[in-house]
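Engineer: This is coords.txt (compact mmCIF, C-alpha atoms).
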# COMPACT_ATOMS: atom_id res chain seq x y z
CA MET A 226 -32.63 -5.75 -9.20
CA ASN A 227 -29.65 -6.01 -6.88
CA LYS A 228 -29.64 -4.04 -3.66
CA VAL A 229 -26.07 -2.84 -3.12
CA LYS A 230 -24.88 -0.78 -0.17
CA ILE A 231 -21.31 0.40 0.46
CA TYR A 232 -19.97 1.50 3.83
CA SER A 233 -16.91 3.65 3.23
CA THR A 234 -14.68 6.51 4.45
CA PRO A 235 -13.65 9.51 2.33
CA TYR A 236 -9.93 8.84 1.72
CA CYS A 237 -9.80 5.05 1.68
CA PRO A 238 -8.17 3.92 -1.61
CA TYR A 239 -9.90 0.52 -1.63
CA CYS A 240 -13.28 2.24 -1.23
CA VAL A 241 -12.52 4.38 -4.29
CA THR A 242 -11.39 1.32 -6.27
CA LEU A 243 -14.54 -0.57 -5.29
CA LYS A 244 -16.87 2.29 -6.24
CA ASN A 245 -15.10 2.84 -9.57
CA PHE A 246 -15.37 -0.88 -10.31
CA LEU A 247 -19.14 -0.85 -9.72
CA LYS A 248 -19.58 2.33 -11.78
CA GLN A 249 -17.62 0.77 -14.65
CA HIS A 250 -20.10 -2.10 -14.68
CA ASN A 251 -23.14 0.19 -14.35
CA ILE A 252 -24.14 -1.19 -10.96
CA GLU A 253 -26.21 1.19 -8.88
CA PHE A 254 -25.30 1.42 -5.22
CA GLU A 255 -25.95 3.40 -2.07
CA ASP A 256 -22.76 4.88 -0.63
CA ILE A 257 -22.63 5.63 3.10
CA ASP A 258 -19.78 7.64 4.61
CA VAL A 259 -19.51 5.99 8.03
CA SER A 260 -17.17 8.70 9.33
CA GLU A 261 -20.17 11.04 9.24
CA ASN A 262 -22.87 8.60 10.25
CA GLU A 263 -22.60 6.98 13.67
CA SER A 264 -25.65 4.72 13.33
CA ALA A 265 -24.49 3.44 9.93
CA LEU A 266 -21.09 2.70 11.48
CA GLN A 267 -22.79 0.63 14.21
CA GLU A 268 -24.83 -1.16 11.54
CA MET A 269 -21.64 -1.92 9.57
CA VAL A 270 -19.85 -3.28 12.65
CA GLU A 271 -22.86 -5.44 13.56
CA LYS A 272 -23.24 -6.82 10.05
CA SER A 273 -19.56 -7.45 9.35
CA LYS A 274 -18.35 -8.13 12.93
CA GLN A 275 -15.31 -5.98 12.27
CA MET A 276 -14.38 -2.33 11.76
CA GLY A 277 -12.41 -2.02 8.54
CA VAL A 278 -13.71 -0.38 5.36
CA PRO A 279 -14.93 -0.85 2.70
CA VAL A 280 -17.80 -3.17 3.53
CA ILE A 281 -20.24 -4.06 0.78
CA ASP A 282 -23.72 -5.46 1.32
CA ILE A 283 -25.07 -7.22 -1.79
CA ASN A 284 -28.65 -8.36 -1.20
CA GLY A 285 -27.78 -9.06 2.43
CA GLU A 286 -24.50 -10.85 1.73
CA ILE A 287 -21.62 -9.04 3.48
CA ILE A 288 -18.13 -8.73 1.98
CA VAL A 289 -15.25 -6.98 3.71
CA GLY A 290 -12.65 -5.27 1.49
CA PHE A 291 -12.46 -5.11 -2.30
CA ASP A 292 -12.83 -8.84 -2.95
CA LYS A 293 -13.20 -8.55 -6.72
CA GLU A 294 -13.88 -12.25 -7.33
CA ARG A 295 -16.69 -12.62 -4.79
CA ILE A 296 -18.26 -9.29 -5.71
CA SER A 297 -18.17 -10.16 -9.43
CA LYS A 298 -19.75 -13.53 -8.75
CA LEU A 299 -22.62 -12.09 -6.69
CA LEU A 300 -23.31 -9.38 -9.27
CA ASN A 301 -22.79 -11.57 -12.34
CA ILE A 302 -19.92 -9.46 -13.64
CA ASN A 303 -17.70 -11.29 -16.10
CA MET B 103 2.33 -13.41 -27.56
CA ILE B 104 5.68 -12.21 -26.22
CA TYR B 105 5.80 -8.72 -24.76
CA ASP B 106 8.91 -6.54 -25.09
CA LEU B 107 8.53 -5.55 -21.47
CA ILE B 108 6.53 -6.60 -18.42
CA ILE B 109 6.37 -4.09 -15.57
CA ILE B 110 5.37 -5.47 -12.18
CA GLY B 111 3.98 -2.84 -9.82
CA GLY B 112 1.67 0.18 -10.05
CA GLY B 113 3.33 2.79 -7.84
CA PRO B 114 5.23 5.89 -9.06
CA GLY B 115 8.12 3.77 -10.40
CA GLY B 116 6.01 1.25 -12.34
CA ILE B 117 3.71 3.94 -13.74
CA THR B 118 6.64 6.08 -14.93
CA SER B 119 8.16 2.99 -16.57
CA GLY B 120 4.82 2.42 -18.30
CA ILE B 121 4.70 5.98 -19.62
CA TYR B 122 8.28 5.74 -20.95
CA ALA B 123 7.68 2.28 -22.42
CA GLY B 124 4.58 3.55 -24.24
CA ARG B 125 6.49 6.50 -25.64
CA GLN B 126 9.29 4.17 -26.80
CA GLY B 127 6.70 2.02 -28.59
CA LEU B 128 7.45 -1.11 -26.56
CA LYS B 129 4.77 -3.80 -26.44
CA THR B 130 4.23 -3.60 -22.72
CA LEU B 131 2.16 -5.28 -20.02
CA LEU B 132 1.87 -3.67 -16.59
CA ILE B 133 0.70 -6.05 -13.85
CA THR B 134 -0.34 -4.69 -10.46
CA LYS B 135 -2.72 -5.43 -7.59
CA ASP B 136 -3.84 -1.81 -7.53
CA PHE B 137 -2.54 1.63 -8.40
CA GLY B 138 -0.67 3.90 -6.06
CA GLY B 139 1.35 1.63 -3.83
CA GLN B 140 2.12 3.29 -0.52
CA ILE B 141 1.39 6.84 -1.58
CA ALA B 142 -2.30 6.15 -2.21
CA LYS B 143 -2.55 5.34 1.50
CA LYS B 144 -0.72 8.40 2.82
CA GLY B 145 -2.68 10.40 5.40
CA ILE B 146 -1.03 13.74 4.75
CA ASN B 147 -0.14 15.64 1.61
CA ILE B 148 2.98 15.10 -0.46
CA GLU B 149 5.13 18.23 -0.56
CA ASN B 150 8.26 17.10 -2.37
CA TRP B 151 6.93 16.21 -5.82
CA PRO B 152 8.23 18.92 -8.19
CA GLY B 153 5.52 21.00 -9.76
CA ASN B 154 3.04 20.47 -6.92
CA LYS B 155 3.72 22.41 -3.73
CA SER B 156 1.26 20.22 -1.88
CA ILE B 157 -0.85 17.38 -3.27
CA SER B 158 -2.72 14.43 -1.76
CA GLY B 159 -1.38 10.96 -2.53
CA GLN B 160 -4.70 10.01 -4.11
CA GLN B 161 -4.66 13.02 -6.44
CA LEU B 162 -1.03 12.50 -7.44
CA ILE B 163 -1.72 8.87 -8.29
CA LYS B 164 -4.81 9.84 -10.25
CA ASN B 165 -2.65 12.22 -12.31
CA PHE B 166 -0.08 9.44 -12.86
CA VAL B 167 -2.72 6.89 -13.89
CA ASP B 168 -4.46 9.33 -16.28
CA HIS B 169 -1.09 9.93 -17.94
CA LEU B 170 -0.33 6.18 -18.11
CA LYS B 171 -3.69 5.44 -19.74
CA GLU B 172 -2.77 7.71 -22.64
CA GLN B 173 -0.17 5.08 -23.66
CA LYS B 174 -1.99 2.84 -26.08
CA GLU B 175 0.91 0.34 -26.28
CA VAL B 176 0.62 -0.44 -22.57
CA GLU B 177 -1.85 -3.09 -21.43
CA ILE B 178 -2.83 -3.09 -17.77
CA LYS B 179 -3.73 -6.24 -15.83
CA PHE B 180 -4.91 -6.21 -12.22
CA SER B 181 -3.44 -9.24 -10.52
CA SER B 182 -0.71 -10.38 -8.13
CA VAL B 183 2.48 -11.85 -9.49
CA VAL B 184 3.52 -15.05 -7.73
CA LYS B 185 6.71 -15.94 -9.63
CA VAL B 186 9.14 -14.62 -12.25
CA GLU B 187 11.23 -17.20 -14.08
CA LYS B 188 13.52 -17.26 -17.08
CA ASP B 189 13.38 -19.85 -19.82
CA ASN B 190 16.22 -19.44 -22.30
CA LYS B 191 15.74 -15.87 -23.59
CA ASN B 192 12.19 -15.28 -22.35
CA PHE B 193 10.96 -14.24 -18.94
CA ILE B 194 7.84 -16.01 -17.69
CA VAL B 195 5.63 -14.15 -15.24
CA LEU B 196 3.03 -16.18 -13.33
CA THR B 197 0.03 -14.50 -11.69
CA SER B 198 -2.22 -15.56 -8.80
CA ASP B 199 -5.06 -16.41 -11.22
CA ASN B 200 -2.80 -19.06 -12.81
CA LYS B 201 -2.00 -17.13 -15.97
CA LYS B 202 1.42 -17.06 -17.66
CA PHE B 203 2.83 -14.08 -19.51
CA LYS B 204 6.04 -14.02 -21.56
CA SER B 205 8.39 -11.12 -22.17
CA LEU B 206 11.89 -10.23 -23.31
CA SER B 207 12.57 -7.92 -20.37
CA VAL B 208 11.07 -7.27 -16.92
CA ILE B 209 11.04 -4.31 -14.54
CA ILE B 210 10.27 -5.11 -10.90
CA ALA B 211 8.62 -2.13 -9.19
CA ILE B 212 6.72 -3.82 -6.37
CA GLY B 213 7.86 -1.48 -3.58
CA THR B 214 7.58 -2.68 -0.04
CA GLU B 215 4.80 -3.78 2.27
CA LEU B 216 4.10 -2.77 5.85
CA LYS B 217 5.81 -4.87 8.51
CA HIS B 218 3.79 -6.64 11.17
CA LEU B 219 4.63 -6.58 14.86
CA ASN B 220 4.14 -10.32 15.33
CA ILE B 221 2.81 -10.00 18.87
CA LEU B 222 -0.12 -11.66 20.63
CA GLY B 223 -3.50 -10.33 19.54
CA GLU B 224 -2.26 -8.61 16.36
CA GLU B 225 -3.71 -11.17 13.96
CA LYS B 226 -6.81 -11.84 16.09
CA PHE B 227 -7.84 -8.18 16.17
CA LYS B 228 -6.90 -7.29 12.59
CA GLY B 229 -9.91 -5.36 11.29
CA ARG B 230 -11.29 -5.23 14.82
CA GLY B 231 -9.20 -2.36 16.06
CA VAL B 232 -5.83 -3.28 14.54
CA SER B 233 -5.25 -1.43 11.28
CA TYR B 234 -2.41 -0.86 8.82
CA CYS B 235 -4.31 1.80 6.84
CA SER B 236 -5.01 4.91 8.89
CA ILE B 237 -6.69 6.85 6.08
CA CYS B 238 -9.11 3.94 5.54
CA ASP B 239 -10.00 3.13 9.12
CA GLY B 240 -8.90 6.23 11.06
CA PRO B 241 -12.22 8.07 10.61
CA LEU B 242 -13.98 5.18 12.42
CA PHE B 243 -12.23 6.06 15.69
CA LYS B 244 -13.96 9.38 16.32
CA ASN B 245 -13.59 10.43 19.97
CA LYS B 246 -11.78 7.22 20.84
CA ASN B 247 -8.34 6.58 22.29
CA VAL B 248 -5.89 4.94 19.92
CA ALA B 249 -2.24 3.88 19.81
CA VAL B 250 0.21 4.26 16.93
CA ILE B 251 3.17 1.91 17.03
CA GLY B 252 6.37 3.40 15.61
CA GLY B 253 8.04 6.78 16.08
CA GLY B 254 9.28 7.31 12.53
CA ASN B 255 7.78 9.60 9.89
CA SER B 256 4.95 7.15 9.10
CA GLY B 257 3.98 6.90 12.76
CA PHE B 258 4.00 10.67 13.17
CA GLU B 259 2.07 11.33 9.96
CA THR B 260 -0.48 8.66 10.92
CA SER B 261 -0.91 10.31 14.33
CA LEU B 262 -1.39 13.75 12.81
CA PHE B 263 -4.07 12.36 10.48
CA LEU B 264 -5.77 10.50 13.35
CA SER B 265 -5.83 13.67 15.48
CA LYS B 266 -8.63 14.94 13.22
CA TYR B 267 -10.84 12.17 14.60
CA ALA B 268 -9.53 10.44 17.74
CA LYS B 269 -9.70 11.82 21.30
CA LYS B 270 -6.19 10.82 22.33
CA ILE B 271 -3.30 9.30 20.39
CA TYR B 272 -0.36 7.55 21.99
CA ILE B 273 2.75 7.07 19.84
CA LEU B 274 4.80 4.14 21.13
CA GLU B 275 8.46 3.97 20.19
CA TYR B 276 10.82 1.12 21.12
CA PHE B 277 13.97 3.23 21.27
CA SER B 278 14.69 6.14 23.61
CA ASN B 279 14.42 8.65 20.76
CA VAL B 280 11.93 9.07 17.95
CA ASN B 281 13.17 9.02 14.39
CA ALA B 282 10.65 11.31 12.64
CA ASP B 283 11.99 14.37 10.86
CA LYS B 284 12.04 17.82 12.43
CA LYS B 285 8.92 19.16 10.74
CA ASN B 286 6.79 16.21 11.84
CA GLN B 287 8.18 16.43 15.38
CA GLU B 288 7.24 20.11 15.59
CA LEU B 289 3.70 19.44 14.32
CA VAL B 290 3.22 16.62 16.85
CA LYS B 291 4.60 18.73 19.69
CA LYS B 292 2.01 21.42 18.96
CA ASN B 293 -0.80 18.87 18.90
CA LYS B 294 -2.31 18.45 22.36
CA LYS B 295 -4.05 15.18 21.49
CA ILE B 296 -0.80 13.31 20.80
CA LYS B 297 1.43 11.84 23.50
CA ILE B 298 4.77 10.18 22.77
CA ILE B 299 5.88 7.19 24.85
CA THR B 300 9.49 6.13 24.25
CA ASN B 301 11.32 3.00 25.49
CA ALA B 302 8.10 1.05 24.95
CA LYS B 303 8.26 -2.59 23.93
CA VAL B 304 4.76 -3.51 22.80
CA LYS B 305 3.80 -6.98 24.08
CA GLU B 306 0.14 -7.77 23.53
CA ILE B 307 -3.13 -6.45 22.14
CA LYS B 308 -6.10 -7.51 24.26
CA GLY B 309 -9.87 -7.34 24.17
CA ASN B 310 -13.05 -9.37 23.73
CA ASN B 311 -14.59 -8.88 20.30
CA PHE B 312 -12.69 -5.66 19.64
CA VAL B 313 -9.45 -4.12 20.89
CA GLU B 314 -9.68 -2.79 24.43
CA GLU B 315 -6.14 -2.67 25.74
CA LEU B 316 -2.50 -2.50 24.75
CA VAL B 317 0.17 -4.02 27.00
CA TYR B 318 3.79 -2.84 26.81
CA ASP B 319 7.01 -3.04 28.81
CA ASP B 320 8.53 0.26 29.83
CA LEU B 321 12.18 -0.54 29.17
CA LYS B 322 13.37 2.35 31.35
CA ASP B 323 11.62 1.63 34.62
CA LYS B 324 11.23 -2.08 33.78
CA LYS B 325 7.50 -2.17 34.47
CA THR B 326 4.65 -3.66 32.44
CA LYS B 327 2.10 -0.97 31.59
CA ARG B 328 -1.35 -0.91 29.99
CA LEU B 329 -3.19 1.59 27.84
CA LYS B 330 -6.97 1.63 27.45
CA ILE B 331 -7.37 2.09 23.73
CA GLU B 332 -9.74 0.93 21.00
CA GLY B 333 -7.50 1.21 17.96
CA VAL B 334 -3.92 0.18 17.18
CA PHE B 335 -2.25 1.54 14.03
CA ILE B 336 0.97 -0.28 13.19
CA GLN B 337 3.62 1.81 11.42
CA ILE B 338 6.95 0.12 12.11
CA GLY B 339 8.36 0.29 8.63
CA CYS B 340 8.26 -1.76 5.49
CA GLU B 341 9.89 -4.78 3.93
CA PRO B 342 10.05 -5.86 0.31
CA LYS B 343 8.26 -9.01 -0.81
CA THR B 344 11.04 -10.16 -3.10
CA SER B 345 10.45 -13.92 -2.91
CA ILE B 346 8.77 -13.79 -6.37
CA VAL B 347 12.15 -13.20 -8.08
CA GLU B 348 14.49 -14.90 -5.59
CA SER B 349 15.98 -17.33 -8.08
CA LEU B 350 17.03 -14.58 -10.55
CA VAL B 351 18.50 -11.89 -8.29
CA ASP B 352 20.79 -11.28 -5.32
CA LEU B 353 19.14 -9.89 -2.19
CA ASN B 354 20.82 -7.84 0.53
CA GLU B 355 20.26 -8.34 4.27
CA LYS B 356 17.06 -6.26 4.11
CA LYS B 357 15.78 -8.55 1.31
CA GLU B 358 16.10 -5.67 -1.17
CA ILE B 359 17.14 -6.52 -4.73
CA GLU B 360 20.79 -5.78 -5.55
CA VAL B 361 21.14 -3.81 -8.78
CA ASN B 362 23.87 -2.08 -10.71
CA HIS B 363 22.92 1.51 -9.85
CA PHE B 364 24.20 2.72 -13.22
CA ASN B 365 21.41 1.00 -15.15
CA LEU B 366 19.20 -0.59 -12.43
CA GLN B 367 19.83 -4.06 -13.87
CA THR B 368 19.93 -7.11 -11.58
CA LYS B 369 22.40 -9.96 -12.02
CA THR B 370 20.06 -11.40 -14.67
CA PRO B 371 20.39 -9.48 -17.97
CA GLY B 372 17.07 -7.92 -18.99
CA LEU B 373 15.71 -7.96 -15.45
CA PHE B 374 15.62 -4.56 -13.72
CA ALA B 375 14.49 -3.46 -10.24
CA ILE B 376 13.46 0.12 -9.40
CA GLY B 377 12.20 2.22 -6.50
CA ASP B 378 11.80 1.04 -2.92
CA VAL B 379 12.33 -2.62 -3.79
CA ASN B 380 15.97 -2.23 -4.81
CA SER B 381 19.02 -1.68 -2.65
CA GLY B 382 19.10 2.11 -3.18
CA LYS B 383 19.48 3.99 0.08
CA TYR B 384 16.84 6.69 -0.25
CA LYS B 385 13.19 5.76 -0.73
CA GLN B 386 11.42 8.68 -2.40
CA ILE B 387 8.59 9.08 -4.91
CA VAL B 388 10.75 11.18 -7.23
CA ILE B 389 13.59 8.63 -7.06
CA ALA B 390 11.25 5.74 -7.88
CA ALA B 391 9.87 7.72 -10.83
CA GLY B 392 13.37 8.66 -12.03
CA GLU B 393 14.53 5.07 -11.81
CA GLY B 394 11.43 4.00 -13.73
CA ALA B 395 12.45 6.25 -16.61
CA LYS B 396 16.08 5.16 -16.50
CA ALA B 397 15.38 1.42 -16.31
CA THR B 398 12.95 1.60 -19.24
CA LEU B 399 15.51 3.36 -21.42
CA PHE B 400 18.15 0.77 -20.46
CA ALA B 401 15.60 -1.99 -21.17
CA CYS B 402 15.19 -0.51 -24.68
CA GLN B 403 18.96 -0.53 -25.11
CA TYR B 404 19.09 -4.16 -23.90
CA LEU B 405 16.43 -5.19 -26.45
CA LYS B 406 18.27 -3.43 -29.29
CA GLU B 407 21.75 -4.63 -28.39
CA ASN B 408 20.56 -8.21 -28.18
CA LYS B 409 18.44 -7.81 -31.32
CA LEU B 410 15.47 -9.19 -29.40
CA SER B 411 12.89 -6.71 -30.50
Could I get this structure in the form of structure tokens?
Structural biologist:
Amino acid sequence: MNKVKIYSTPYCPYCVTLKNFLKQHNIEFEDIDVSENESALQEMVEKSKQMGVPVIDINGEIIVGFDKERISKLLNIN
Amino acid sequence: MIYDLIIIGGGPGGITSGIYAGRQGLKTLLITKDFGGQIAKKGINIENWPGNKSISGQQLIKNFVDHLKEQKEVEIKFSSVVKVEKDNKNFIVLTSDNKKFKSLSVIIAIGTELKHLNILGEEKFKGRGVSYCSICDGPLFKNKNVAVIGGGNSGFETSLFLSKYAKKIYILEYFSNVNADKKNQELVKKNKKIKIITNAKVKEIKGNNFVEELVYDDLKDKKTKRLKIEGVFIQIGCEPKTSIVESLVDLNEKKEIEVNHFNLQTKTPGLFAIGDVNSGKYKQIVIAAGEGAKATLFACQYLKENKLS
């Protein structure tokens, strides 16, 4: 079972695209709104060494932005 | 497989073209990186789309996309187009994943992309304080000081959005006057968090791991000044990325595609350009949508007259 965590903000279009993409492929994920959660924001910055959203954590592997190819590869989406 | 029409771009212009193409029964492929273009990234509501007194960019795009998806004749592919060529009577569209698509006509609706400042530190701190998408990254700057570069409507709207989160917002404008429209100027004036600095030539973005400081020349008193800020939002306008069709069209000095404004056709028959990417003076959602409709109907006429379809 994949452990997938998304760090996002409410209006970010790439965050919406990313979440819709995962839903389409029936991938369960935890969604964290970092605009409302200071400690999660710190965690995101530490993990990704940057402060842009979305950030996705797939079993500990960190991807910044909606990088469809890398995300598909890690989650075995064809 | 040869399509009747390939539409490149998924903003208001491209989507409207898709809806019209579907209704005309054209075998159509719409290729885009994502839906919404610039309006999906707007921080404030849209108030000049007829039928909606006030609507968010995201909601308006969702309405557009839902409508587009009703068109069964229109295939959608998410990709970036790298080149458009013409081989005898067919257009060949190449995408970044090395695929080739053929069609009898093409509508270019790729809009424009945000301009970069090209100053020291901009590239280094991209994603580490430097942002081009305020509605994505703005909420991360709660109680922080930030700078917005550009005193046009985009700069003012970005600042108004950021004022929901940031402690202090400095708008830096190169010229002695700002260019934002009256309504935005009034809203900014009322907002105590926002300060406008004119005659400011931005020179460098500095910091260690993240942005800490912005250096600019005050062109009036000829002094170099510094602002302690943690975020820089760059809103200095847009430019079209028209290199993908260079060989088939004429470009003006702004690199916009020259079209015949009667039918939106470029110098290559069957190749049309609509919305912000063409040489039309006013860049508006409703204009892009209107041109999308018009170009599709002229594309139909072109296919019929040339007995291509």
Engineer: Please report as a PyMOL selection string which residues of chain A come no farther than 6 Å from chain B, using only C-alpha atoms.
Structural biologist: chain A and resi 236-237+260+275-277
Engineer: Given the choices A:Lys248, A:Lys228, A:Tyr239, A:Val259, which gets closest to Ile302 in chain A if the distance is worked out from only C-alpha atoms?
Structural biologist: A:Lys248
Engineer: Using all atoms listed in the file and a cutoff of 9 Å, can you tell me which residues are near (6.9, 2.6, -21.5) in the file's coordinates, and write them out as a ChimeraX atom specification?
Structural biologist: /B:107,109,117-130,170,173,175-176,395,398-399
Engineer: Write out as a ChimeraX atom specification which residues come within 8 Å of range 379-383 of chain B when counting only C-alpha atoms, dropping same-chain ones fewer than 3 positions away.
Structural biologist: /B:210-214,342,344,354,358-361,363,375-376
Engineer: Rounded to one decimal, what separation in Å do you get between CA of Ala390 in chain B and CA of Ile209 in chain B?
Structural biologist: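 Result for CA of Ala390 in chain B versus CA of Ile209 in chain B: 12.1 Å, one decimal.
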Engineer: Just the number, please: distance in Å from CA of Asn301 in chain A to CA of Ser273 in chain A, one decimal.
Structural biologist: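 So the two atoms, CA of Asn301 in chain A and CA of Ser273 in chain A, lie 22.3 Å apart.
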Engineer: Do you know which residues are at most 9 Å from range 322-324 of chain B counting all atoms listed in the file, after dropping those on the same chain fewer than 2 positions away, and could you put them as a PyMOL selection string?
Structural biologist: chain B and resi 278+300-302+319-320+326
Engineer: Between A:Ile257, A:Ile296, A:Ile283, A:Val289, single out the one closest to Met226 in chain A, counting all atoms listed in the file.
Structural biologist: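 Of A:Ile257, A:Ile296, A:Ile283, A:Val289, the one nearest Met226 in chain A is A:Ile283, counting all atoms listed in the file.
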Engineer: To one decimal place, how far is CA of Lys291 in chain B from CA of Val248 in chain B in Å?
Structural biologist: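 So the two atoms, CA of Lys291 in chain B and CA of Val248 in chain B, lie 17.3 Å apart.
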Engineer: Rank nothing, just name the residue among B:Leu366, B:Ile251, B:Ile346, B:Leu162 nearest to Ile110 in chain B, using all atoms listed in the file.
Structural biologist: B:Ile346
Engineer: Here is a test: counting all atoms listed in the file, which residue of A:Ile287, A:Lys244, A:Ile252, A:Glu294 is nearest to Glu268 in chain A?
Structural biologist: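 Checking each of A:Ile287, A:Lys244, A:Ile252, A:Glu294 against Glu268 in chain A, counting all atoms listed in the file, the winner is A:Ile287.
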Engineer: Counting all atoms listed in the file, what is within 10 Å of Asp256 in chain A, bar same-chain residues fewer than 5 positions away, as a count of residues only?
Structural biologist: 9
